[in-house]
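First up is the structure itself, then whatever we jot down about it.
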Amino acid sequence: MKEVFPLKSKSSDAWLDTVLTNFDAFLIDHAANERKASSMAMSMVAHYPDKNRLLEVMIDLALEELNHFRQVVKLVRKRGLLLAPDEKDPYVNQLRGSIRRGKQHYFLDRLLSAAVIEARGAERFALVADHIDNEELKIFYAALAKSEAGHHLLFVELANHYFNVDEVKTRLNDWLTIEKKIIEELPIRARLH
C-alpha cells in the first residue's frame, strides 16, 4: 500500500492484538464506520451543492462506502453476529473538535480531517490484512486498505483543488499532529479507531 502522506504515529501492537483477539467486536465497529463514512460523504454533498468537483467525487465515495458497508454486513451475518446500535466514535469526535470556525477554514478542515481518518483506516486495515489468519478476511482487508489509501489521496486532492497548495500542506501537517495526539491518548479497544 502506497502512503501519500505519513501518519505521525503507527498503530500499536497492543491495538492489533486487541483487534485480533476480539475480531467480532472489531467487525461490528467496522460496519458502523463504513455506514458513517457513506453518510459523511453525502453530508458534504448537502453542505456544498455549489462545488461541482466535490459533488461528483463525494457521490461516488458515498456509493463505494455503502458497498463496503454491505460487504461488512455480509461478514457480520456470516459469523452469526448482529449490528450494534449507533454509538459516538471518540476518535472522530475529538478530531471534529479541532475543526476551525469560518466558512473557508471549516471547509478545508473537513477535507483534511477526512483525509487523516482515511489514512488511519488504510494503515489499520493493512495491519489486519497482514496478521489475520483467515484467508478470506486477509484478502478483504488488503483490498479495503488500498481503497482507503485512495480515499485519503482523494480528500487531499480536493483540498488542493479548492485551496492554495501551501496552505493545504501546512494545515495537513497540523492535522497529522492533532491525530497523533488523539490516537495515542485513546484507550485501546477492538475498534477501527
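For the C-alpha cells, the naming scheme is as follows: chains receive sequential letters (A, B, ...) according to their order of presentation, residues are indexed from 1 within each chain, and ligands are indexed from 1 in presentation order.
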- Residue neighbourhood range 99-105 of chain A, 10 Å, only C-alpha atoms, exclusion window fewer than 4 positions, as a VMD selection string: chain A and resid 94 to 95 109 to 110 112 to 113 162 to 163 171 175
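Residues in contact with Arg70 in chain A at up to 9 Å, not including ones fewer than 6 positions away on its chain and judged by only C-alpha atoms, are A:Ala31, A:Glu34, A:Arg35.
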Mind writing the picked residues with C-alpha atoms as a compact mmCIF listing (two decimals), in the first residue's frame?
```txt
# COMPACT_ATOMS: atom_id res chain seq x y z
CA ALA A 31 -19.57 -1.93 9.76
CA GLU A 34 -18.41 2.22 6.74
CA ARG A 35 -22.01 3.38 7.15
```
- Counting only C-alpha atoms, what is within 10 Å of Trp15 in chain A, bar same-chain residues fewer than 2 positions away, as a PyMOL selection string? chain A and resi 11-13+17-21+124+187-193
- Message: For a quick check of understanding, using only C-alpha atoms, which of A:Asp29, A:Glu185, A:Glu148, A:Asp50 has the smallest distance to Leu83 in chain A?
- Response: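 Going through A:Asp29, A:Glu185, A:Glu148, A:Asp50 one by one, the smallest distance to Leu83 in chain A is for A:Asp29.
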- For Ala126 in chain A, which residue out of A:Ile139, A:Leu27, A:Leu7, A:Leu158 is the nearest one, using only C-alpha atoms?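 Residue with the minimum atom-to-atom distance to Ala126 in chain A: A:Ile139.
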- Query: Counting only C-alpha atoms, what is within 9 Å of Asp130 in chain A, bar same-chain residues fewer than 6 positions away, as a list in words?
  - Reply: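 Here the answer would be Lys138, Tyr141 and Ala142 of chain A.
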If you keep N, CA and C atoms, can you produce a file of those selected residues as a CSV table (one decimal), in the first residue's frame?
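And here's again-v1.csv as it stands now:
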```
chain,number,residue,atom,x,y,z
A,138,LYS,N,-8.2,-11.8,5.1
A,138,LYS,CA,-6.9,-11.3,4.6
A,138,LYS,C,-7.1,-10.6,3.3
A,141,TYR,N,-9.5,-7.4,3.7
A,141,TYR,CA,-8.9,-6.2,4.4
A,141,TYR,C,-7.7,-5.6,3.5
A,142,ALA,N,-7.0,-6.4,2.8
A,142,ALA,CA,-6.0,-5.9,1.9
A,142,ALA,C,-6.6,-5.0,0.8
```
Wanna dump the range 94-152 of chain A-range 75-78 of chain A contacts at 12 Å for me, each residue with its shortest atom pair and the distance in Å to one decimal, counting only C-alpha atoms, ordered by chain and number, as CSV?
```
residue,atom,partner,partner_atom,distance
A:Glu136,CA,A:Leu75,CA,10.0
A:Leu137,CA,A:Leu75,CA,9.0
A:Phe140,CA,A:Leu75,CA,10.1
A:Tyr141,CA,A:Leu75,CA,11.8
```
Writer output for current selection, C-alpha atoms, as a short mmCIF file (atom, residue, chain, number, x, y, z; two decimals), in the first residue's frame:
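Written file, selection-v1.cif:
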```cif
data_model
loop_
_atom_site.label_atom_id
_atom_site.label_comp_id
_atom_site.auth_asym_id
_atom_site.auth_seq_id
_atom_site.Cartn_x
_atom_site.Cartn_y
_atom_site.Cartn_z
CA GLU A 136 -10.98 -14.57 3.10
CA LEU A 137 -10.55 -11.75 5.64
CA PHE A 140 -10.87 -8.46 2.03
CA TYR A 141 -8.86 -6.21 4.35
#
```
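The spacing separating CA of Arg120 in chain A from CA of Lys146 in chain A amounts to 12.0 Å.
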- Task: Identify, with DSSP run on backbone atoms, the residues in range 46-132 of chain A assigned to alpha helix (DSSP H), and express the list as number ranges by chain.
- Result: A: 46-47, 52-78, 90-96, 103-131
Do you know which residues are at most 9 Å from Leu111 in chain A counting only C-alpha atoms, after dropping those on the same chain fewer than 3 positions away, and could you put them as a compact mmCIF listing (two decimals) with N, CA and C atoms, in the first residue's frame?
```
# COMPACT_ATOMS: atom_id res chain seq x y z
N TYR A 106 -13.46 26.02 7.88
CA TYR A 106 -14.29 24.84 8.17
C TYR A 106 -14.25 23.85 7.01
N PHE A 107 -14.39 24.35 5.80
CA PHE A 107 -14.38 23.50 4.61
C PHE A 107 -13.03 22.81 4.47
N LEU A 108 -11.94 23.55 4.57
CA LEU A 108 -10.62 22.94 4.46
C LEU A 108 -10.41 21.89 5.55
N ALA A 114 -10.94 14.44 7.15
CA ALA A 114 -11.38 13.22 6.47
C ALA A 114 -10.18 12.49 5.85
N ALA A 115 -9.23 13.24 5.30
CA ALA A 115 -8.03 12.62 4.73
C ALA A 115 -7.26 11.85 5.78
N VAL A 116 -7.13 12.43 6.95
CA VAL A 116 -6.39 11.78 8.04
C VAL A 116 -7.13 10.55 8.55
N PHE A 155 -9.20 13.16 -0.75
CA PHE A 155 -9.50 14.34 0.07
C PHE A 155 -8.41 15.40 -0.02
N VAL A 156 -7.16 14.97 -0.09
CA VAL A 156 -6.07 15.94 -0.25
C VAL A 156 -6.16 16.60 -1.63
N LEU A 158 -8.87 17.13 -3.36
CA LEU A 158 -9.96 18.09 -3.28
C LEU A 158 -9.52 19.36 -2.56
N ALA A 159 -8.80 19.21 -1.46
CA ALA A 159 -8.30 20.38 -0.74
C ALA A 159 -7.40 21.22 -1.65
```
- Query: From the list A:Leu127, A:Leu176, A:Val57, A:Ile183, which residue is nearest Lys8 in chain A when using only C-alpha atoms?
  - Reply: A:Leu176
- Please measure the separation of CA of Glu167 in chain A and CA of Glu65 in chain A, giving the value in Å to one decimal. 28.4 Å
- Item | Shortest interatomic distance to Asp89 in chain A - which of A:Ile178, A:Leu186, A:Ala14, A:Leu153, counting only C-alpha atoms | A:Leu186
